[in-house]
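S.K.: Once you've had a glance at the structure underneath, I'll fire off some questions.
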Amino acid sequence: MNTGPMICAEDLRKRYGQRVALDGVSFTVNAGEIVGLLGPNRAGKTTTLSILSGVIAPDSGRASIASYDLATAPRLARRSLGLVPQSLALYPTLTALENLVFFGRMEGMASRDALSRARSLLEEVGLSDRADDVVNEFSGGMMRRLNIACGMIHSPAAIMLDEPTVGVDPQSRGRIFAVVEAAAQAGGAILYSTHYMEEAERLCNRIVLIDHGKIVAQGTDRELIALAGTEPRIEIMTKKALPPGWSNGIAGIGELPGDVLDGLAAAATLRTLDQVPDVIRRAAEVGGEVVEFHVHRPNLQDAFLKLTGRALRDTP
Amino acid sequence: MLRAVWLTIGKEFLLIRRDRVGLFMLLVAPIAVIAAAGFSLAKIYGGRTAPRGEYSVAILDEDHGAVARAILDAIAHRPELSVIHCSSRLDAQQTVRERKLAVVAIVIASGTTDAIEHGHGAQLILYTDPVKYLQTQQIELTLSELCRKISAGAAAEARRQAAEQARNLTRQLDQARESAEQARAEAARLAAAATESRAALAARIRAQVETALTNARDQTKAALDAELNRIQRKIDADAAAQQAKLDELKDYLKRLEIAHGQFETWFGQLKQLAGSHAGDIPPPPAIPTLPADLDLSESGIKLGLGADLKNVRARLESALTIAPSDLNLPELPAMPKIPPVNIPVLPRIDSSLSIPGTLGYVEVDLTGRGNGAAAGFNAFDLQVPGFAVTFLLIGMLMGVSLALINEHDWGTLKRLRSASAPLWTTLIGKLLARFVVGFIQMVVLFAAGYALFGISLGRTPAALMMPAAAIAFAGAAFGLIVAGVGRTRDAILPVGAIVIMTMAAIGGCWWPIDLEPAWMQQLALALPTTWAMRAFNDLMIRNLAASSALVPAAVNFGFGIIYTVVGVAIARRRFG
């Protein structure tokens, strides 16, 4: 039995022309673990998953699945892998059952096993009553669920999901989370790519923050937040713009560039939450005429912002 | 309002400029199809796009005469025809049917020239291929024109020779007429001279004769007068003597007559007197008869002049006989000398000069089913396989390539690539599935063609499966290449359309490939459609044996293998 990491990326590098897609990415995912690959669009998440699933080869570095090197033992590595690509990967004119059975058979399953496993998975993702309907009659959420089921049809040791909840309704998202958690509990190593901070916080045991093809940080959500600092933050909306240095005089206040809405918003870090009344009062004193304010506890978004200088949903 | 219109126009142009596929379809695609169709059909319409030597004609010269030379020379001067010389009729037939190097084979049979020269008709033998119906028609037109020209040329030569002979004859006849006129004038002159001589001679003869006659008459008259006088005198003497005797006799008769009368009177009286005894009266005595020597007839009167008259006659004859020497006839004048008449030698008409015969041709269909290419063939024998192959290509190229693009677009290809089975298994599986579909499509289309249009299935209908399977395989495999080259659905549609139309057009799916110029036919050898149509045409129209489809089918399977290797390599780079 393999006791090492089920998914292993070692110094993966990949370029597309002049653009560096991956620049020395390394991490591992162990059995029964859900690791979130978190980063904004074009951070390198999909490239990483493509290399780890054997779809593309890295320029350098090593990728292995269940200790099988994708470069030297690709068939064994792929047999241990289940991929749920970001875009749907279904035959729209086949039924849900036909899709599942086909992909199971392509992974080497016997016909009977594939059929049995397909029915079981359809039950798990809540599509057993639509098993014999063609896929192009499904809603987007149903397709997403079936898409995940197809990636798990052969019960792989490692499962990679590339932003599986994009455009999914809350009900389907809940189903997807349940399926992923069940797979992890069954011993699967899950690499979960997303740019939804909340999903990573909710699902993942560990999170790998990636930006511009580099690992920015990795660890549990608490570790990452701590790494980025724990100061709470206040955002103030005013009728008139606050002048620079408006918070001078309040000890421990750090003005942040923050989001700007018509030049009438300002943000600042606080030493403690007790400083909130002083900050509101100060803003009013400098003529800001406060409309509303938000007090924000630190999270992964803050950690990412702290570590990269840009928001998770920013575009480069 | 107007500004909005202008802005919309500008935006549309911007979109069009950035729509490279659309621009490609707008400009390059029609140009490619126009070029393929234009070059392919150039031969039909003649014109400058039809290059030299487009039709190869096999020729077997068994005649080796003037007609054969004329045909070869005429064909050599036709820029659209090139000649392949054959060694035998079998060689000529194979050049057309098996090797397909020539549209038709022309056999100039032995004795053709001789027949034409001697005024008999002669016919060229034309081996034809029904698949090359239109080209055969064109060549037959050319050949008809050639035969007409050769026949007309021979007739013109004969006319020229006849005219030359007529001119010579006329000239010599004119000379003869002139000589005859001279002779006639000379004869007239001679006749006049002869008439004159004859008149003079006649006058002299008449004078001499008259002189002689006068002399003779005078001499005769004198002799006659003398003799007649002598005879007169003798006759007078004899007449006097005879008259005396006659007078004596007359007197006696007169007396006798009186005595007789008297006796009668007396006897009558006697009887009266005798009354009833008259019967007893004895007859009177007999009347005396004339003396025996008394003959009172004239002939009986001998005058005694016979001997004298004989003498008179003799003397008359003597007197009237003119001695020949006495007739001094003049000598006839010498005949005028006839001058020499220059009678020319009349020309002989050349016995070898005759109206030449006409040259034609008879067509021999090498399939053994019809009366030659001119009889044509069922158009569906060409159209059914042609369009079956076209639509097969549509199904194969579009099917395989769009199916791969679909897999890519649906994301299933990515999932399959991450599966344990390698990508090429997916590609080969897809290809083989399309191959089976394409093969069934061909079988169904041929069955429909047979049922609906009565197409020929050749000697061995099962043999059609060979090229059908081969082109289905090659087409499906080519779809892999198209899928790899055309990176998107929008790219594949125009690329696929152009590839299909070009392959079908140049490969002879829409018209017989022999209509195309030679360079295009050479180019077409690189296309699987060419080999497929060759096999179908051989089996269905040329009625060849099943073995004729082996090579084309093998070539297309070879194409299929090459396409598969290349297509998988491209697809792996594209999708792998």
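Ligands are numbered from 1 in the order shown, residues from 1 within each chain, and chains are lettered A, B, ... in the order they appear in the structure tokens.
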Which residues come within 10 Å of stretch 64-77 of chain A, counting only C-alpha atoms, excluding same-chain residues fewer than 2 positions away, as a ChimeraX atom specification?
M.R.: /A:1-10,28-31,51-55,57-58,62,79-81,107,156-159,189 /B:418-422
S.K.: Could those selected residues go to a file with C-alpha atoms, as an mmCIF file, in the first residue's frame?
M.R.:
```
data_model
loop_
_atom_site.group_PDB
_atom_site.id
_atom_site.type_symbol
_atom_site.label_atom_id
_atom_site.label_comp_id
_atom_site.auth_asym_id
_atom_site.auth_seq_id
_atom_site.Cartn_x
_atom_site.Cartn_y
_atom_site.Cartn_z
ATOM 1 C CA MET A 1 0.000 0.000 0.000
ATOM 2 C CA ASN A 2 1.251 3.416 -0.910
ATOM 3 C CA THR A 3 1.904 5.508 2.156
ATOM 4 C CA GLY A 4 3.463 8.516 0.460
ATOM 5 C CA PRO A 5 1.647 11.547 -0.937
ATOM 6 C CA MET A 6 -0.950 10.689 -3.531
ATOM 7 C CA ILE A 7 -0.329 13.847 -5.471
ATOM 8 C CA CYS A 8 3.123 15.266 -5.651
ATOM 9 C CA ALA A 9 4.331 18.336 -7.538
ATOM 10 C CA GLU A 10 8.028 19.074 -7.413
ATOM 11 C CA THR A 28 1.799 17.436 -2.072
ATOM 12 C CA VAL A 29 -1.630 16.008 -1.300
ATOM 13 C CA ASN A 30 -1.944 13.038 0.971
ATOM 14 C CA ALA A 31 -4.576 10.376 1.026
ATOM 15 C CA ILE A 51 0.408 18.817 -15.597
ATOM 16 C CA LEU A 52 -0.628 16.723 -12.644
ATOM 17 C CA SER A 53 -3.316 14.983 -14.692
ATOM 18 C CA GLY A 54 -0.884 14.242 -17.522
ATOM 19 C CA VAL A 55 -2.731 16.377 -20.043
ATOM 20 C CA ALA A 57 3.946 17.968 -19.798
ATOM 21 C CA PRO A 58 5.950 20.405 -17.659
ATOM 22 C CA ARG A 62 8.338 16.200 -11.561
ATOM 23 C CA ARG A 79 -5.233 5.074 -13.693
ATOM 24 C CA SER A 80 -4.884 6.377 -10.131
ATOM 25 C CA LEU A 81 -6.198 9.770 -11.076
ATOM 26 C CA GLU A 107 -10.507 3.676 -17.240
ATOM 27 C CA PRO A 156 -9.292 6.954 -8.161
ATOM 28 C CA ALA A 157 -6.753 7.396 -5.412
ATOM 29 C CA ALA A 158 -6.269 11.017 -6.401
ATOM 30 C CA ILE A 159 -8.974 13.385 -7.564
ATOM 31 C CA ALA A 189 -6.462 12.623 -2.081
ATOM 32 C CA SER B 418 -6.142 12.133 -18.501
ATOM 33 C CA ALA B 419 -7.462 8.578 -18.656
ATOM 34 C CA SER B 420 -5.187 5.583 -18.677
ATOM 35 C CA ALA B 421 -5.823 4.781 -22.332
ATOM 36 C CA PRO B 422 -3.484 6.715 -24.617
#
```
S.K.: Quick one: of B:Leu431, B:Met533, B:Leu413, B:Val443, who's nearest to chain A, counting only C-alpha atoms?
M.R.: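 Among B:Leu431, B:Met533, B:Leu413, B:Val443, it is B:Leu413 that comes nearest to chain A.
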S.K.: Name the closest residue to chain A among the candidates B:Arg459, B:Lys221, B:Arg417, B:Arg177; distances are taken between atoms, counting only C-alpha atoms.
M.R.: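 Answer, going by the shortest atom-to-atom distance: B:Arg417.
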S.K.: Counting only C-alpha atoms, collect the residues of chain B whose closest atom lies at most 12 Å from chain A, and write them out as number ranges by chain.
M.R.: B: 403, 406-423, 425-426, 429, 572-576
S.K.: Residues of stretch 73-305 of chain A classed as alpha helix (DSSP H) by DSSP on the backbone are to be reported as a PyMOL selection string.
M.R.: chain A and resi 74-79+96-106+111-124+140-152+170-185+197-203+221-228+276-285+300-305
S.K.: I need the chosen residues saved as a PDB file, in the first residue's frame, with C-alpha atoms.
M.R.:
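Generated output (again_27.pdb):
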```pdb
ATOM      1  CA  PRO A  74       1.890   7.703 -17.220  1.00  0.00           C
ATOM      2  CA  ARG A  75      -0.651   4.915 -17.589  1.00  0.00           C
ATOM      3  CA  LEU A  76      -0.338   3.790 -13.977  1.00  0.00           C
ATOM      4  CA  ALA A  77      -0.358   7.368 -12.774  1.00  0.00           C
ATOM      5  CA  ARG A  78      -3.458   8.206 -14.804  1.00  0.00           C
ATOM      6  CA  ARG A  79      -5.233   5.074 -13.693  1.00  0.00           C
ATOM      7  CA  ALA A  96     -25.954  10.447 -17.708  1.00  0.00           C
ATOM      8  CA  LEU A  97     -25.600   6.706 -17.249  1.00  0.00           C
ATOM      9  CA  GLU A  98     -24.021   6.261 -20.679  1.00  0.00           C
ATOM     10  CA  ASN A  99     -21.492   8.995 -19.935  1.00  0.00           C
ATOM     11  CA  LEU A 100     -20.511   7.421 -16.664  1.00  0.00           C
ATOM     12  CA  VAL A 101     -20.280   3.890 -18.013  1.00  0.00           C
ATOM     13  CA  PHE A 102     -18.224   5.041 -20.999  1.00  0.00           C
ATOM     14  CA  PHE A 103     -15.656   6.882 -18.901  1.00  0.00           C
ATOM     15  CA  GLY A 104     -15.539   3.986 -16.438  1.00  0.00           C
ATOM     16  CA  ARG A 105     -14.878   1.556 -19.263  1.00  0.00           C
ATOM     17  CA  MET A 106     -12.192   3.867 -20.638  1.00  0.00           C
ATOM     18  CA  SER A 111     -18.909  -3.301 -17.816  1.00  0.00           C
ATOM     19  CA  ARG A 112     -20.832  -4.598 -14.820  1.00  0.00           C
ATOM     20  CA  ASP A 113     -18.615  -2.745 -12.346  1.00  0.00           C
ATOM     21  CA  ALA A 114     -18.894   0.447 -14.318  1.00  0.00           C
ATOM     22  CA  LEU A 115     -22.670   0.197 -14.415  1.00  0.00           C
ATOM     23  CA  SER A 116     -22.902  -0.520 -10.690  1.00  0.00           C
ATOM     24  CA  ARG A 117     -20.524   2.291  -9.778  1.00  0.00           C
ATOM     25  CA  ALA A 118     -22.341   4.659 -12.140  1.00  0.00           C
ATOM     26  CA  ARG A 119     -25.680   4.058 -10.464  1.00  0.00           C
ATOM     27  CA  SER A 120     -24.070   4.537  -7.068  1.00  0.00           C
ATOM     28  CA  LEU A 121     -22.497   7.820  -8.097  1.00  0.00           C
ATOM     29  CA  LEU A 122     -25.710   9.066  -9.683  1.00  0.00           C
ATOM     30  CA  GLU A 123     -27.344   8.456  -6.325  1.00  0.00           C
ATOM     31  CA  GLU A 124     -24.579  10.389  -4.594  1.00  0.00           C
ATOM     32  CA  GLY A 140     -25.888  23.702 -15.465  1.00  0.00           C
ATOM     33  CA  GLY A 141     -25.759  22.460 -11.870  1.00  0.00           C
ATOM     34  CA  MET A 142     -26.806  18.955 -12.846  1.00  0.00           C
ATOM     35  CA  MET A 143     -24.139  18.877 -15.506  1.00  0.00           C
ATOM     36  CA  ARG A 144     -21.560  19.986 -12.936  1.00  0.00           C
ATOM     37  CA  ARG A 145     -22.559  17.199 -10.616  1.00  0.00           C
ATOM     38  CA  LEU A 146     -22.447  14.631 -13.392  1.00  0.00           C
ATOM     39  CA  ASN A 147     -19.102  16.056 -14.447  1.00  0.00           C
ATOM     40  CA  ILE A 148     -17.710  15.343 -10.992  1.00  0.00           C
ATOM     41  CA  ALA A 149     -19.216  11.875 -10.941  1.00  0.00           C
ATOM     42  CA  CYS A 150     -17.502  11.082 -14.242  1.00  0.00           C
ATOM     43  CA  GLY A 151     -14.148  12.015 -12.707  1.00  0.00           C
ATOM     44  CA  MET A 152     -14.769   9.647  -9.824  1.00  0.00           C
ATOM     45  CA  PRO A 170     -26.387  26.665  -4.070  1.00  0.00           C
ATOM     46  CA  GLN A 171     -28.170  23.333  -4.063  1.00  0.00           C
ATOM     47  CA  SER A 172     -25.754  21.784  -6.495  1.00  0.00           C
ATOM     48  CA  ARG A 173     -22.819  23.357  -4.699  1.00  0.00           C
ATOM     49  CA  GLY A 174     -23.902  21.621  -1.496  1.00  0.00           C
ATOM     50  CA  ARG A 175     -24.174  18.304  -3.334  1.00  0.00           C
ATOM     51  CA  ILE A 176     -20.721  18.807  -4.780  1.00  0.00           C
ATOM     52  CA  PHE A 177     -19.212  19.558  -1.406  1.00  0.00           C
ATOM     53  CA  ALA A 178     -20.797  16.437  -0.007  1.00  0.00           C
ATOM     54  CA  VAL A 179     -19.434  14.280  -2.791  1.00  0.00           C
ATOM     55  CA  VAL A 180     -15.953  15.725  -2.386  1.00  0.00           C
ATOM     56  CA  GLU A 181     -15.933  15.269   1.340  1.00  0.00           C
ATOM     57  CA  ALA A 182     -17.191  11.713   0.967  1.00  0.00           C
ATOM     58  CA  ALA A 183     -14.409  10.959  -1.493  1.00  0.00           C
ATOM     59  CA  ALA A 184     -11.834  12.298   0.930  1.00  0.00           C
ATOM     60  CA  GLN A 185     -13.307  10.332   3.745  1.00  0.00           C
ATOM     61  CA  MET A 197     -12.095  31.708  -0.735  1.00  0.00           C
ATOM     62  CA  GLU A 198     -15.197  30.493   1.066  1.00  0.00           C
ATOM     63  CA  GLU A 199     -15.049  27.080  -0.624  1.00  0.00           C
ATOM     64  CA  ALA A 200     -11.409  26.671   0.310  1.00  0.00           C
ATOM     65  CA  GLU A 201     -12.071  27.666   3.885  1.00  0.00           C
ATOM     66  CA  ARG A 202     -15.041  25.327   4.104  1.00  0.00           C
ATOM     67  CA  LEU A 203     -13.649  22.239   2.366  1.00  0.00           C
ATOM     68  CA  ASP A 221      -6.459  28.639   6.575  1.00  0.00           C
ATOM     69  CA  ARG A 222      -5.552  29.755  10.056  1.00  0.00           C
ATOM     70  CA  GLU A 223      -1.858  29.479   9.265  1.00  0.00           C
ATOM     71  CA  LEU A 224      -2.271  31.554   6.156  1.00  0.00           C
ATOM     72  CA  ILE A 225      -4.344  34.211   7.869  1.00  0.00           C
ATOM     73  CA  ALA A 226      -1.849  34.364  10.657  1.00  0.00           C
ATOM     74  CA  LEU A 227       0.918  34.584   8.126  1.00  0.00           C
ATOM     75  CA  ALA A 228      -0.720  37.613   6.641  1.00  0.00           C
ATOM     76  CA  VAL A 276     -13.984  51.680  15.921  1.00  0.00           C
ATOM     77  CA  PRO A 277     -15.878  54.569  17.633  1.00  0.00           C
ATOM     78  CA  ASP A 278     -12.763  56.746  17.568  1.00  0.00           C
ATOM     79  CA  VAL A 279     -12.276  56.123  13.884  1.00  0.00           C
ATOM     80  CA  ILE A 280     -15.897  56.968  13.017  1.00  0.00           C
ATOM     81  CA  ARG A 281     -15.747  60.093  15.085  1.00  0.00           C
ATOM     82  CA  ARG A 282     -12.459  61.141  13.484  1.00  0.00           C
ATOM     83  CA  ALA A 283     -13.872  60.684   9.990  1.00  0.00           C
ATOM     84  CA  ALA A 284     -16.793  62.908  10.839  1.00  0.00           C
ATOM     85  CA  GLU A 285     -14.474  65.497  12.311  1.00  0.00           C
ATOM     86  CA  LEU A 300      -7.882  34.250   3.289  1.00  0.00           C
ATOM     87  CA  GLN A 301      -8.785  37.175   1.038  1.00  0.00           C
ATOM     88  CA  ASP A 302      -6.882  39.443   3.394  1.00  0.00           C
ATOM     89  CA  ALA A 303      -4.045  37.002   3.568  1.00  0.00           C
ATOM     90  CA  PHE A 304      -3.854  36.855  -0.253  1.00  0.00           C
ATOM     91  CA  LEU A 305      -4.087  40.617  -0.463  1.00  0.00           C
TER      92      LEU A 305
END
```
S.K.: Quick one: pull the distance between atom CA of B:Lys149 and atom CA of B:Pro356, Å, one decimal.
M.R.: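 If I compute the distance from atom CA of B:Lys149 to atom CA of B:Pro356, I get 12.6 Å.
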S.K.: Skip B:Gly508 itself and residues of its chain fewer than 2 positions away, then list as a list in words all residues within 9 Å of it, counting only C-alpha atoms.
M.R.: Ser40, Gly386, Met503, Ala504, Ala505, Ile506, Trp510, Trp511, Pro512, Ile513, Asp514, Leu515, Glu516, Ala524, Thr529, Thr530, Met533 and Arg534 of chain B
S.K.: Need to verify the contact set: stretch 543-554 of chain B, 6 Å, only C-alpha atoms, exclusion of same-chain residues closer than 4 positions in sequence. Can you return it as a ChimeraX atom specification?
M.R.: /B:367,458,463,466-467,470,531,535,538-539
S.K.: Pull C-alpha atoms from the residues just selected and write them as an mmCIF file, in the first residue's frame.
M.R.:
```cif
data_model
loop_
_atom_site.group_PDB
_atom_site.id
_atom_site.type_symbol
_atom_site.label_atom_id
_atom_site.label_comp_id
_atom_site.auth_asym_id
_atom_site.auth_seq_id
_atom_site.Cartn_x
_atom_site.Cartn_y
_atom_site.Cartn_z
ATOM 1 C CA THR B 367 -15.998 -2.934 -73.021
ATOM 2 C CA GLY B 458 -19.841 -4.603 -63.133
ATOM 3 C CA ALA B 463 -15.547 -6.176 -56.005
ATOM 4 C CA MET B 466 -12.716 -2.978 -52.205
ATOM 5 C CA PRO B 467 -12.508 0.614 -53.448
ATOM 6 C CA ALA B 470 -10.416 1.878 -49.236
ATOM 7 C CA TRP B 531 -7.928 6.092 -57.336
ATOM 8 C CA ALA B 535 -11.577 1.621 -59.620
ATOM 9 C CA ASP B 538 -13.033 0.269 -64.306
ATOM 10 C CA LEU B 539 -15.524 -2.008 -62.614
#
```
S.K.: Residues of stretch 89-260 of chain A in strand (DSSP E or B) according to DSSP, as a PyMOL selection string?
M.R.: chain A and resi 95+134+158-162+189-194+206-211+214-219+233-238+254-256
S.K.: Store the residues picked out above in a file with N, CA and C atoms, as a short mmCIF file (atom, residue, chain, number, x, y, z; two decimals), in the first residue's frame.
M.R.:
```cif
data_model
loop_
_atom_site.label_atom_id
_atom_site.label_comp_id
_atom_site.auth_asym_id
_atom_site.auth_seq_id
_atom_site.Cartn_x
_atom_site.Cartn_y
_atom_site.Cartn_z
N THR A 95 -26.79 9.79 -22.43
CA THR A 95 -27.46 9.92 -21.13
C THR A 95 -26.41 10.01 -20.03
N VAL A 134 -30.75 12.41 -21.58
CA VAL A 134 -29.54 12.89 -22.26
C VAL A 134 -29.06 14.17 -21.56
N ALA A 158 -6.45 9.56 -6.40
CA ALA A 158 -6.27 11.02 -6.40
C ALA A 158 -7.32 11.65 -7.29
N ILE A 159 -7.93 12.71 -6.78
CA ILE A 159 -8.97 13.38 -7.56
C ILE A 159 -8.61 14.86 -7.65
N MET A 160 -8.66 15.37 -8.85
CA MET A 160 -8.39 16.79 -9.04
C MET A 160 -9.63 17.45 -9.59
N LEU A 161 -10.04 18.50 -8.91
CA LEU A 161 -11.23 19.23 -9.35
C LEU A 161 -10.81 20.66 -9.67
N ASP A 162 -11.12 21.06 -10.89
CA ASP A 162 -10.73 22.40 -11.33
C ASP A 162 -11.96 23.29 -11.32
N ALA A 189 -7.22 11.38 -2.20
CA ALA A 189 -6.46 12.62 -2.08
C ALA A 189 -7.10 13.62 -3.04
N ILE A 190 -7.58 14.74 -2.49
CA ILE A 190 -8.35 15.68 -3.31
C ILE A 190 -7.55 16.97 -3.50
N LEU A 191 -7.35 17.33 -4.73
CA LEU A 191 -6.77 18.65 -5.03
C LEU A 191 -7.89 19.49 -5.63
N TYR A 192 -8.23 20.52 -4.91
CA TYR A 192 -9.43 21.29 -5.24
C TYR A 192 -9.01 22.70 -5.65
N SER A 193 -9.11 22.97 -6.93
CA SER A 193 -8.73 24.29 -7.43
C SER A 193 -9.94 25.21 -7.40
N THR A 194 -9.73 26.40 -6.86
CA THR A 194 -10.85 27.35 -6.81
C THR A 194 -10.32 28.76 -6.62
N ARG A 206 -5.89 21.83 3.78
CA ARG A 206 -4.75 22.72 3.54
C ARG A 206 -5.04 23.53 2.29
N ILE A 207 -4.36 24.67 2.23
CA ILE A 207 -4.57 25.56 1.08
C ILE A 207 -3.21 25.96 0.52
N VAL A 208 -3.13 25.89 -0.80
CA VAL A 208 -1.93 26.36 -1.49
C VAL A 208 -2.32 27.64 -2.21
N LEU A 209 -1.70 28.74 -1.77
CA LEU A 209 -1.97 30.02 -2.45
C LEU A 209 -1.01 30.17 -3.61
N ILE A 210 -1.57 30.42 -4.80
CA ILE A 210 -0.74 30.51 -5.99
C ILE A 210 -1.05 31.81 -6.72
N ASP A 211 0.00 32.44 -7.22
CA ASP A 211 -0.19 33.67 -7.98
C ASP A 211 0.98 33.84 -8.94
N LYS A 214 3.52 31.06 -9.11
CA LYS A 214 4.37 30.74 -7.96
C LYS A 214 3.49 30.44 -6.75
N ILE A 215 3.99 29.53 -5.90
CA ILE A 215 3.32 29.29 -4.63
C ILE A 215 3.65 30.48 -3.72
N VAL A 216 2.62 31.17 -3.33
CA VAL A 216 2.82 32.32 -2.44
C VAL A 216 2.93 31.84 -1.00
N ALA A 217 2.06 30.91 -0.67
CA ALA A 217 2.10 30.35 0.69
C ALA A 217 1.24 29.11 0.70
N GLN A 218 1.43 28.24 1.63
CA GLN A 218 0.56 27.08 1.77
C GLN A 218 0.48 26.68 3.24
N GLY A 219 -0.64 26.14 3.62
CA GLY A 219 -0.88 25.75 5.01
C GLY A 219 -2.37 25.71 5.25
N ARG A 233 -10.07 45.20 10.18
CA ARG A 233 -10.05 46.30 9.20
C ARG A 233 -11.41 46.98 9.21
N ILE A 234 -11.40 48.29 8.99
CA ILE A 234 -12.65 49.03 8.91
C ILE A 234 -12.73 49.73 7.55
N GLU A 235 -13.91 49.68 6.95
CA GLU A 235 -14.13 50.37 5.67
C GLU A 235 -15.23 51.40 5.91
N ILE A 236 -14.96 52.62 5.52
CA ILE A 236 -15.88 53.72 5.81
C ILE A 236 -16.35 54.34 4.50
N MET A 237 -17.65 54.52 4.36
CA MET A 237 -18.22 55.20 3.19
C MET A 237 -18.65 56.60 3.65
N THR A 238 -18.20 57.63 2.97
CA THR A 238 -18.52 59.00 3.39
C THR A 238 -19.12 59.77 2.23
N GLY A 254 -3.72 52.30 10.64
CA GLY A 254 -2.96 52.35 9.38
C GLY A 254 -3.90 52.52 8.20
N GLU A 255 -3.77 53.65 7.53
CA GLU A 255 -4.67 53.88 6.38
C GLU A 255 -4.29 52.93 5.21
N LEU A 256 -5.32 52.32 4.58
CA LEU A 256 -5.12 51.38 3.45
C LEU A 256 -5.63 52.01 2.16
#
```
